[in-house]
$ cat coords.pdb   # PDB, C-alpha atoms and all ligand atoms
ATOM      1  CA  MET L   6     138.176 -62.929  97.641
ATOM      2  CA  ILE L   7     135.665 -65.795  97.355
ATOM      3  CA  SER L   8     135.672 -67.854  94.156
ATOM      4  CA  GLU L   9     133.253 -67.201  91.317
ATOM      5  CA  LYS L  10     131.468 -70.499  92.066
ATOM      6  CA  GLU L  11     131.141 -69.538  95.726
ATOM      7  CA  ALA L  12     129.718 -66.164  94.636
ATOM      8  CA  MET L  13     127.203 -68.008  92.467
ATOM      9  CA  ILE L  14     126.015 -70.003  95.491
ATOM     10  CA  GLN L  15     125.908 -66.979  97.820
ATOM     11  CA  ARG L  16     124.171 -64.585  95.381
ATOM     12  CA  HIS L  17     120.521 -63.713  95.930
ATOM     13  CA  SER L  18     118.623 -60.701  94.641
ATOM     14  CA  VAL L  19     118.829 -57.881  97.171
ATOM     15  CA  ARG L  20     116.263 -55.074  97.013
ATOM     16  CA  ASN L  21     116.957 -53.086 100.182
ATOM     17  CA  TYR L  22     120.259 -51.254 100.417
ATOM     18  CA  LEU L  23     122.217 -49.469 103.123
ATOM     19  CA  ASP L  24     122.913 -45.774 102.704
ATOM     20  CA  LYS L  25     126.580 -46.571 102.078
ATOM     21  CA  LYS L  26     128.737 -45.598  99.124
ATOM     22  CA  ILE L  27     130.827 -48.100  97.215
ATOM     23  CA  GLU L  28     134.552 -47.557  97.875
ATOM     24  CA  GLU L  29     136.643 -45.955  95.123
ATOM     25  CA  ASP L  30     138.929 -48.990  94.758
ATOM     26  CA  LYS L  31     135.943 -51.289  94.232
ATOM     27  CA  ILE L  32     134.452 -48.868  91.691
ATOM     28  CA  ALA L  33     137.753 -48.919  89.803
ATOM     29  CA  LEU L  34     137.687 -52.748  89.750
ATOM     30  CA  ILE L  35     134.077 -52.773  88.533
ATOM     31  CA  GLN L  36     134.937 -50.282  85.777
ATOM     32  CA  GLU L  37     137.909 -52.378  84.712
ATOM     33  CA  LYS L  38     135.781 -55.537  84.570
ATOM     34  CA  ILE L  39     133.102 -53.740  82.560
ATOM     35  CA  GLY L  40     135.771 -52.635  80.068
ATOM     36  CA  GLU L  41     136.790 -56.288  79.548
ATOM     37  CA  LEU L  42     133.210 -57.557  79.273
ATOM     38  CA  ASN L  43     132.167 -54.817  76.846
ATOM     39  CA  LYS L  44     135.036 -55.884  74.593
ATOM     40  CA  GLU L  45     134.318 -59.621  74.907
ATOM     41  CA  GLY L  46     130.578 -59.247  74.362
ATOM     42  CA  SER L  47     130.535 -56.206  72.022
ATOM     43  CA  LEU L  48     128.305 -54.421  74.503
ATOM     44  CA  ASN L  49     127.953 -51.021  76.085
ATOM     45  CA  ILE L  50     127.479 -51.757  79.779
ATOM     46  CA  HIS L  51     127.772 -48.627  81.891
ATOM     47  CA  PHE L  52     128.289 -48.209  85.662
ATOM     48  CA  SER L  53     126.853 -45.145  87.320
ATOM     49  CA  GLU L  54     127.900 -44.534  90.917
ATOM     50  CA  ASP L  55     124.753 -42.508  91.403
ATOM     51  CA  ALA L  56     121.682 -44.475  90.268
ATOM     52  CA  GLY L  57     119.824 -41.180  89.826
ATOM     53  CA  LYS L  58     116.126 -41.867  89.348
ATOM     54  CA  THR L  59     116.589 -45.218  87.578
ATOM     55  CA  PHE L  60     114.794 -47.132  90.353
ATOM     56  CA  ARG L  61     112.436 -44.426  91.571
ATOM     57  CA  SER L  62     109.197 -45.581  89.918
ATOM     58  CA  PHE L  63     106.316 -46.389  92.253
ATOM     59  CA  LEU L  64     106.885 -50.151  91.889
ATOM     60  CA  SER L  65     110.630 -49.893  92.413
ATOM     61  CA  ARG L  66     110.126 -47.824  95.543
ATOM     62  CA  MET L  67     107.561 -50.323  96.828
ATOM     63  CA  SER L  68     110.012 -53.202  96.368
ATOM     64  CA  GLY L  69     112.827 -51.296  98.100
ATOM     65  CA  LEU L  70     114.951 -50.946  94.961
ATOM     66  CA  GLY L  71     114.723 -47.156  95.217
ATOM     67  CA  SER L  72     117.347 -47.460  97.969
ATOM     68  CA  ALA L  73     120.032 -48.785  95.589
ATOM     69  CA  PRO L  74     122.849 -46.219  95.494
ATOM     70  CA  SER L  75     124.354 -47.300  92.150
ATOM     71  CA  ALA L  76     123.173 -48.679  88.832
ATOM     72  CA  ILE L  77     124.505 -50.633  85.912
ATOM     73  CA  ILE L  78     122.784 -49.926  82.614
ATOM     74  CA  CYS L  79     123.113 -52.627  79.953
ATOM     75  CA  SER L  80     122.880 -51.623  76.328
ATOM     76  CA  GLY L  81     124.440 -52.304  72.973
ATOM     77  CA  ALA L  82     124.048 -52.030  69.239
ATOM     78  CA  ASP L  83     120.772 -53.662  68.292
ATOM     79  CA  SER L  84     120.974 -57.264  67.064
ATOM     80  CA  ASP L  85     119.000 -60.498  67.402
ATOM     81  CA  ASP L  86     121.186 -61.790  70.209
ATOM     82  CA  LEU L  87     121.618 -58.521  72.152
ATOM     83  CA  GLU L  88     119.430 -59.657  75.078
ATOM     84  CA  GLN L  89     121.190 -62.993  75.414
ATOM     85  CA  ARG L  90     124.634 -61.365  75.370
ATOM     86  CA  VAL L  91     123.489 -58.831  77.969
ATOM     87  CA  GLY L  92     122.371 -61.728  80.184
ATOM     88  CA  TYR L  93     125.570 -63.725  79.709
ATOM     89  CA  TYR L  94     128.096 -60.930  80.241
ATOM     90  CA  GLY L  95     125.895 -59.064  82.729
ATOM     91  CA  GLU L  96     125.780 -62.143  84.961
ATOM     92  CA  LYS L  97     129.580 -62.466  84.774
ATOM     93  CA  LEU L  98     129.613 -58.915  86.130
ATOM     94  CA  VAL L  99     126.989 -59.653  88.797
ATOM     95  CA  LEU L 100     129.059 -62.583  90.103
ATOM     96  CA  TYR L 101     132.233 -60.465  90.113
ATOM     97  CA  ILE L 102     130.417 -57.757  92.100
ATOM     98  CA  GLN L 103     129.261 -60.449  94.548
ATOM     99  CA  GLN L 104     132.918 -61.528  94.884
ATOM    100  CA  LEU L 105     133.726 -57.927  95.861
ATOM    101  CA  GLY L 106     131.281 -58.238  98.774
ATOM    102  CA  LEU L 107     128.516 -56.152  97.219
ATOM    103  CA  ASN L 108     124.933 -57.070  96.336
ATOM    104  CA  THR L 109     122.838 -56.728  93.181
ATOM    105  CA  CYS L 110     119.423 -57.167  91.627
ATOM    106  CA  TRP L 111     118.617 -57.387  87.922
ATOM    107  CA  VAL L 112     115.789 -54.905  87.303
ATOM    108  CA  GLY L 113     113.544 -55.136  84.246
ATOM    109  CA  MET L 114     111.067 -52.590  85.603
ATOM    110  CA  PHE L 115     113.485 -49.666  85.624
ATOM    111  CA  SER L 116     112.953 -46.199  84.187
ATOM    112  CA  ARG L 117     114.533 -46.331  80.737
ATOM    113  CA  LYS L 118     114.289 -42.568  80.342
ATOM    114  CA  GLN L 119     116.041 -41.870  83.637
ATOM    115  CA  ALA L 120     118.667 -44.567  83.032
ATOM    116  CA  GLU L 121     119.551 -43.166  79.635
ATOM    117  CA  LYS L 122     120.283 -39.813  81.266
ATOM    118  CA  LEU L 123     123.211 -41.552  82.999
ATOM    119  CA  MET L 124     124.603 -42.938  79.758
ATOM    120  CA  PRO L 125     127.106 -41.330  77.453
ATOM    121  CA  ALA L 126     125.205 -40.664  74.213
ATOM    122  CA  GLU L 127     125.603 -43.518  71.719
ATOM    123  CA  ASN L 128     123.742 -43.528  68.459
ATOM    124  CA  GLY L 129     121.716 -46.592  67.515
ATOM    125  CA  GLU L 130     122.185 -48.369  70.844
ATOM    126  CA  ARG L 131     119.385 -50.102  72.674
ATOM    127  CA  THR L 132     119.065 -50.099  76.461
ATOM    128  CA  VAL L 133     117.953 -53.567  77.563
ATOM    129  CA  ILE L 134     117.969 -53.719  81.337
ATOM    130  CA  ALA L 135     119.450 -52.292  84.526
ATOM    131  CA  ILE L 136     121.123 -53.829  87.571
ATOM    132  CA  ALA L 137     120.877 -52.299  91.054
ATOM    133  CA  VAL L 138     124.168 -52.348  93.006
ATOM    134  CA  GLY L 139     125.150 -51.526  96.563
ATOM    135  CA  TYR L 140     125.606 -52.909 100.066
ATOM    136  CA  GLY L 141     122.464 -54.821 100.967
ATOM    137  CA  GLU L 142     120.723 -54.523 104.307
ATOM    138  CA  THR L 143     120.873 -58.337 104.180
ATOM    139  CA  GLN L 144     122.418 -60.880 101.805
ATOM    140  CA  GLY L 145     118.959 -61.843 100.492
ATOM    141  CA  LYS L 146     117.593 -65.346 100.784
ATOM    142  CA  ALA L 147     117.177 -68.604  98.886
ATOM    143  CA  ARG L 148     113.914 -68.913  96.939
ATOM    144  CA  LYS L 149     111.840 -71.698  95.441
ATOM    145  CA  THR L 150     113.340 -73.450  92.452
ATOM    146  CA  LYS L 151     112.281 -75.909  89.788
ATOM    147  CA  SER L 152     113.869 -79.367  89.875
ATOM    148  CA  PHE L 153     116.410 -81.061  87.582
ATOM    149  CA  GLU L 154     113.557 -83.024  85.999
ATOM    150  CA  ASP L 155     111.509 -79.866  85.360
ATOM    151  CA  VAL L 156     114.186 -78.165  83.273
ATOM    152  CA  THR L 157     116.059 -80.922  81.439
ATOM    153  CA  GLU L 158     115.744 -83.189  78.456
ATOM    154  CA  VAL L 159     118.363 -85.920  78.337
ATOM    155  CA  PHE L 160     119.120 -87.749  75.064
ATOM    156  CA  GLY L 161     115.868 -86.559  73.522
ATOM    157  CA  ASP L 162     113.845 -88.011  76.361
ATOM    158  CA  ALA L 163     111.491 -85.362  77.718
ATOM    159  CA  ASP L 164     110.892 -87.570  80.760
ATOM    160  CA  GLY L 165     113.571 -85.895  82.851
ATOM    161  CA  ALA L 166     113.261 -88.386  85.692
ATOM    162  CA  LYS L 167     114.518 -91.205  83.481
ATOM    163  CA  GLY L 168     117.161 -88.982  81.903
ATOM    164  CA  ALA L 169     118.522 -87.921  85.264
ATOM    165  CA  GLU L 170     120.021 -91.369  85.832
ATOM    166  CA  GLN L 171     121.783 -91.365  82.474
ATOM    167  CA  ALA L 172     123.194 -87.839  82.714
ATOM    168  CA  PRO L 173     126.925 -87.478  83.467
ATOM    169  CA  ASP L 174     128.040 -85.648  86.609
ATOM    170  CA  TRP L 175     129.275 -82.561  84.726
ATOM    171  CA  PHE L 176     125.784 -82.106  83.223
ATOM    172  CA  ARG L 177     124.109 -82.465  86.617
ATOM    173  CA  GLU L 178     126.505 -79.891  88.089
ATOM    174  CA  GLY L 179     125.742 -77.517  85.213
ATOM    175  CA  VAL L 180     121.996 -77.860  85.741
ATOM    176  CA  GLU L 181     122.405 -77.311  89.476
ATOM    177  CA  ALA L 182     124.256 -74.067  88.716
ATOM    178  CA  ALA L 183     121.628 -73.062  86.136
ATOM    179  CA  LEU L 184     118.909 -73.480  88.759
ATOM    180  CA  LEU L 185     120.721 -70.904  90.927
ATOM    181  CA  ALA L 186     120.538 -68.348  88.103
ATOM    182  CA  PRO L 187     118.318 -65.320  88.599
ATOM    183  CA  THR L 188     115.398 -65.189  86.146
ATOM    184  CA  ALA L 189     112.707 -62.531  85.753
ATOM    185  CA  MET L 190     109.966 -63.151  88.342
ATOM    186  CA  ASN L 191     111.782 -66.402  89.122
ATOM    187  CA  GLN L 192     110.094 -67.880  86.047
ATOM    188  CA  GLN L 193     112.906 -70.352  85.146
ATOM    189  CA  LYS L 194     111.331 -70.853  81.717
ATOM    190  CA  PHE L 195     114.172 -72.720  80.051
ATOM    191  CA  THR L 196     115.012 -76.287  79.053
ATOM    192  CA  ILE L 197     118.548 -77.658  79.050
ATOM    193  CA  CYS L 198     118.957 -80.452  76.503
ATOM    194  CA  LEU L 199     121.790 -82.964  76.579
ATOM    195  CA  ASN L 200     122.099 -84.427  73.087
ATOM    196  CA  LYS L 201     123.377 -87.891  72.223
ATOM    197  CA  ASP L 202     126.575 -86.389  70.757
ATOM    198  CA  GLY L 203     127.318 -84.761  74.139
ATOM    199  CA  SER L 204     126.407 -81.230  73.063
ATOM    200  CA  VAL L 205     124.205 -79.080  75.265
ATOM    201  CA  GLU L 206     121.465 -76.822  73.969
ATOM    202  CA  LEU L 207     119.475 -74.248  75.885
ATOM    203  CA  ILE L 208     115.870 -73.637  74.898
ATOM    204  CA  ASP L 209     113.971 -70.457  75.709
ATOM    205  CA  ASN L 210     110.377 -71.282  76.587
ATOM    206  CA  GLY L 211     109.286 -67.647  76.391
ATOM    207  CA  GLY L 212     108.156 -65.132  78.988
ATOM    208  CA  VAL L 213     109.070 -61.601  79.948
ATOM    209  CA  PHE L 214     112.836 -60.957  79.594
ATOM    210  CA  SER L 215     113.319 -64.685  78.870
ATOM    211  CA  ARG L 216     116.078 -63.955  76.354
ATOM    212  CA  VAL L 217     118.081 -62.128  79.016
ATOM    213  CA  ASP L 218     117.317 -65.028  81.371
ATOM    214  CA  LEU L 219     118.685 -67.496  78.822
ATOM    215  CA  GLY L 220     122.039 -65.694  78.665
ATOM    216  CA  ILE L 221     122.256 -65.669  82.465
ATOM    217  CA  VAL L 222     121.361 -69.362  82.660
ATOM    218  CA  LYS L 223     123.920 -70.194  79.965
ATOM    219  CA  TYR L 224     126.704 -68.553  81.942
ATOM    220  CA  HIS L 225     125.711 -70.399  85.120
ATOM    221  CA  PHE L 226     125.552 -73.724  83.255
ATOM    222  CA  GLU L 227     129.021 -73.206  81.779
ATOM    223  CA  LEU L 228     130.497 -72.159  85.126
ATOM    224  CA  GLY L 229     128.964 -75.155  86.922
ATOM    225  CA  SER L 230     129.727 -77.793  84.282
ATOM    226  CA  GLY L 231     132.937 -76.591  82.669
ATOM    227  CA  HIS L 232     131.232 -77.316  79.315
ATOM    228  CA  LYS L 233     129.997 -74.919  76.648
ATOM    229  CA  ALA L 234     126.286 -74.681  75.879
ATOM    230  CA  LEU L 235     124.746 -73.685  72.567
TER     231      LEU L 235
HETATM  232  C1  LIG L 301     115.879 -60.368  83.521
HETATM  233  C2  LIG L 301     115.476 -60.126  84.957
HETATM  234  C3  LIG L 301     114.625 -59.085  85.287
HETATM  235  C4  LIG L 301     114.275 -58.844  86.633
HETATM  236  N1  LIG L 301     113.481 -57.774  86.940
HETATM  237  C5  LIG L 301     113.172 -57.512  88.248
HETATM  238  C6  LIG L 301     112.410 -56.365  88.595
HETATM  239  O1  LIG L 301     112.002 -55.562  87.741
HETATM  240  N2  LIG L 301     112.135 -56.144  89.902
HETATM  241  C7  LIG L 301     112.579 -56.990  90.895
HETATM  242  O2  LIG L 301     112.315 -56.737  92.063
HETATM  243  N3  LIG L 301     113.316 -58.096  90.599
HETATM  244  C8  LIG L 301     113.630 -58.370  89.298
HETATM  245  N4  LIG L 301     114.410 -59.465  88.977
HETATM  246  C9  LIG L 301     114.919 -60.346  90.034
HETATM  247  C10 LIG L 301     114.152 -61.680  90.074
HETATM  248  O3  LIG L 301     112.883 -61.477  90.637
HETATM  249  C11 LIG L 301     114.979 -62.721  90.850
HETATM  250  O4  LIG L 301     116.184 -62.936  90.184
HETATM  251  C12 LIG L 301     114.246 -64.045  91.015
HETATM  252  O5  LIG L 301     113.099 -63.892  91.816
HETATM  253  C13 LIG L 301     115.136 -65.132  91.607
HETATM  254  O6  LIG L 301     115.642 -64.749  92.858
HETATM  255  P1  LIG L 301     117.207 -64.684  93.130
HETATM  256  O7  LIG L 301     117.792 -63.672  92.192
HETATM  257  O8  LIG L 301     117.321 -64.264  94.565
HETATM  258  O9  LIG L 301     117.796 -66.039  92.875
HETATM  259  C14 LIG L 301     114.769 -59.703  87.648
HETATM  260  C15 LIG L 301     115.622 -60.756  87.298
HETATM  261  C16 LIG L 301     115.983 -60.961  85.986
HETATM  262  C17 LIG L 301     116.937 -62.071  85.642
END
$ encode --input "coords.pdb" --output "structure tokens"
Amino acid sequence: MISEKEAMIQRHSVRNYLDKKIEEDKIALIQEKIGELNKEGSLNIHFSEDAGKTFRSFLSRMSGLGSAPSAIICSGADSDDLEQRVGYYGEKLVLYIQQLGLNTCWVGMFSRKQAEKLMPAENGERTVIAIAVGYGETQGKARKTKSFEDVTEVFGDADGAKGAEQAPDWFREGVEAALLAPTAMNQQKFTICLNKDGSVELIDNGGVFSRVDLGIVKYHFELGSGHKAL
């Protein structure tokens, strides 16, 4: 199995899937991982082998996502940080699924009503987002990305270009990983601040699903840098 870092580099959103079921042993591994992540993140992430009509809206069908055989529905008890936790632990799951040789796409424009039909009934839970899963027709492709300077603030200096020279290697590696993170509509609306005391803070600059994005970006930063981010 490839490493988690390798999976992070290889992962791209995939929207067109083969008509091929996921093997039982891989489903069992995904279920086991979800059990661990739900515990760690106090979430209710649910895998459904049959995506049902979760990705059957007009827009989803246009983008190809209607071909995804399986779905992951991310929900949890409502709280201020629910979206960020869904992003953080959901991306851990996405990278694990990539390690298993499968493909994924985070999908904000899913049918909530249809997705909830796949969920065991849980009172007071909020469904945040879905993830399409299956064997892609292709592995997807690299897309445009912002630069280190665009998304960082080093030692309180918003002029990233100057800060770049002062930043330690671990921070640069973390930012590189963060720039590989999927974000809604590839918006990458976040700032990663390296403070003088060595702490790292992530700032959400707003946008659709930007709180989920921030959790995803945080996990990538931590995986790339080996340092925690606030
Ligand atoms: C929170 C979130 C919501 C997303 N929603 C959709 C969606 O509704 N439809 C879609 O086709 N892609 C969706 N995406 C995938 C992004 O468009 C994709 O991650 C981005 O363009 C970067 O490409 P990459 O994932 O290949 O790196 C979403 C991604 C995230 C993180």
$ residues_near_ligand --input "coords.pdb" --ligand "ligand LIG 301 (chain L)" --cutoff "10 Å" --atoms "only C-alpha atoms and all ligand atoms" --output "number ranges by chain"
L: 13-20, 60, 64-70, 88, 91-92, 95-96, 109-115, 133-137, 144-150, 184-193, 213-222
$ write_last_selection --input "coords.pdb" --atoms "C-alpha atoms" --output "PDB file, in the coordinates of the input"
ATOM      1  CA  MET L  13     127.203 -68.008  92.467  1.00  0.00           C
ATOM      2  CA  ILE L  14     126.015 -70.003  95.491  1.00  0.00           C
ATOM      3  CA  GLN L  15     125.908 -66.979  97.820  1.00  0.00           C
ATOM      4  CA  ARG L  16     124.171 -64.585  95.381  1.00  0.00           C
ATOM      5  CA  HIS L  17     120.521 -63.713  95.930  1.00  0.00           C
ATOM      6  CA  SER L  18     118.623 -60.701  94.641  1.00  0.00           C
ATOM      7  CA  VAL L  19     118.829 -57.881  97.171  1.00  0.00           C
ATOM      8  CA  ARG L  20     116.263 -55.074  97.013  1.00  0.00           C
ATOM      9  CA  PHE L  60     114.794 -47.132  90.353  1.00  0.00           C
ATOM     10  CA  LEU L  64     106.885 -50.151  91.889  1.00  0.00           C
ATOM     11  CA  SER L  65     110.630 -49.893  92.413  1.00  0.00           C
ATOM     12  CA  ARG L  66     110.126 -47.824  95.543  1.00  0.00           C
ATOM     13  CA  MET L  67     107.561 -50.323  96.828  1.00  0.00           C
ATOM     14  CA  SER L  68     110.012 -53.202  96.368  1.00  0.00           C
ATOM     15  CA  GLY L  69     112.827 -51.296  98.100  1.00  0.00           C
ATOM     16  CA  LEU L  70     114.951 -50.946  94.961  1.00  0.00           C
ATOM     17  CA  GLU L  88     119.430 -59.657  75.078  1.00  0.00           C
ATOM     18  CA  VAL L  91     123.489 -58.831  77.969  1.00  0.00           C
ATOM     19  CA  GLY L  92     122.371 -61.728  80.184  1.00  0.00           C
ATOM     20  CA  GLY L  95     125.895 -59.064  82.729  1.00  0.00           C
ATOM     21  CA  GLU L  96     125.780 -62.143  84.961  1.00  0.00           C
ATOM     22  CA  THR L 109     122.838 -56.728  93.181  1.00  0.00           C
ATOM     23  CA  CYS L 110     119.423 -57.167  91.627  1.00  0.00           C
ATOM     24  CA  TRP L 111     118.617 -57.387  87.922  1.00  0.00           C
ATOM     25  CA  VAL L 112     115.789 -54.905  87.303  1.00  0.00           C
ATOM     26  CA  GLY L 113     113.544 -55.136  84.246  1.00  0.00           C
ATOM     27  CA  MET L 114     111.067 -52.590  85.603  1.00  0.00           C
ATOM     28  CA  PHE L 115     113.485 -49.666  85.624  1.00  0.00           C
ATOM     29  CA  VAL L 133     117.953 -53.567  77.563  1.00  0.00           C
ATOM     30  CA  ILE L 134     117.969 -53.719  81.337  1.00  0.00           C
ATOM     31  CA  ALA L 135     119.450 -52.292  84.526  1.00  0.00           C
ATOM     32  CA  ILE L 136     121.123 -53.829  87.571  1.00  0.00           C
ATOM     33  CA  ALA L 137     120.877 -52.299  91.054  1.00  0.00           C
ATOM     34  CA  GLN L 144     122.418 -60.880 101.805  1.00  0.00           C
ATOM     35  CA  GLY L 145     118.959 -61.843 100.492  1.00  0.00           C
ATOM     36  CA  LYS L 146     117.593 -65.346 100.784  1.00  0.00           C
ATOM     37  CA  ALA L 147     117.177 -68.604  98.886  1.00  0.00           C
ATOM     38  CA  ARG L 148     113.914 -68.913  96.939  1.00  0.00           C
ATOM     39  CA  LYS L 149     111.840 -71.698  95.441  1.00  0.00           C
ATOM     40  CA  THR L 150     113.340 -73.450  92.452  1.00  0.00           C
ATOM     41  CA  LEU L 184     118.909 -73.480  88.759  1.00  0.00           C
ATOM     42  CA  LEU L 185     120.721 -70.904  90.927  1.00  0.00           C
ATOM     43  CA  ALA L 186     120.538 -68.348  88.103  1.00  0.00           C
ATOM     44  CA  PRO L 187     118.318 -65.320  88.599  1.00  0.00           C
ATOM     45  CA  THR L 188     115.398 -65.189  86.146  1.00  0.00           C
ATOM     46  CA  ALA L 189     112.707 -62.531  85.753  1.00  0.00           C
ATOM     47  CA  MET L 190     109.966 -63.151  88.342  1.00  0.00           C
ATOM     48  CA  ASN L 191     111.782 -66.402  89.122  1.00  0.00           C
ATOM     49  CA  GLN L 192     110.094 -67.880  86.047  1.00  0.00           C
ATOM     50  CA  GLN L 193     112.906 -70.352  85.146  1.00  0.00           C
ATOM     51  CA  VAL L 213     109.070 -61.601  79.948  1.00  0.00           C
ATOM     52  CA  PHE L 214     112.836 -60.957  79.594  1.00  0.00           C
ATOM     53  CA  SER L 215     113.319 -64.685  78.870  1.00  0.00           C
ATOM     54  CA  ARG L 216     116.078 -63.955  76.354  1.00  0.00           C
ATOM     55  CA  VAL L 217     118.081 -62.128  79.016  1.00  0.00           C
ATOM     56  CA  ASP L 218     117.317 -65.028  81.371  1.00  0.00           C
ATOM     57  CA  LEU L 219     118.685 -67.496  78.822  1.00  0.00           C
ATOM     58  CA  GLY L 220     122.039 -65.694  78.665  1.00  0.00           C
ATOM     59  CA  ILE L 221     122.256 -65.669  82.465  1.00  0.00           C
ATOM     60  CA  VAL L 222     121.361 -69.362  82.660  1.00  0.00           C
TER      61      VAL L 222
END
$ resolve_selection --input "coords.pdb" --expression "the PyMOL selection byres (((chain L and resi 120) around 12) and not hetatm)" --output "ChimeraX atom specification"
/L:50-53,55-62,75-80,112-119,121-126,131-137
$ closest_residue --input "coords.pdb" --among "L:Glu11, L:Glu45, L:Asp24, L:Asp155" --to "L:His225" --atoms "all atoms listed in the file"
L:Glu11
$ closest_residue --input "coords.pdb" --among "L:Phe226, L:Tyr140, L:Phe195, L:Phe63" --to "L:Glu181" --atoms "only C-alpha atoms"
L:Phe226
$ residues_around --input "coords.pdb" --residues "L:Lys201" --least-positions-apart "4" --cutoff "12 Å" --atoms "only C-alpha atoms" --output "PyMOL selection string"
chain L and resi 158-162+168+171-173+205-206
$ axis_aligned_box --input "coords.pdb" --around "stretch 11-20 of chain L" --padding-each-side "8 Å" --output "JSON"
{"center_x": 123.7, "center_y": -62.5, "center_z": 95.1, "size_x": 30.9, "size_y": 30.9, "size_z": 21.4}
$ atom_distance --input "coords.pdb" --atom1 "atom CA of L:Glu41" --atom2 "atom CA of L:Gln103"
17.3 Å
$ atom_distance --input "coords.pdb" --atom1 "atom CA of L:Gly71" --atom2 "atom CA of L:Glu9"
27.6 Å
$ residues_around --input "coords.pdb" --residues "L:Glu142" --least-positions-apart "4" --cutoff "7 Å" --atoms "all atoms listed in the file" --output "ChimeraX atom specification"
/L:21-23
$ atom_distance --input "coords.pdb" --atom1 "atom CA of L:Leu100" --atom2 "atom CA of L:Asp85"
24.9 Å
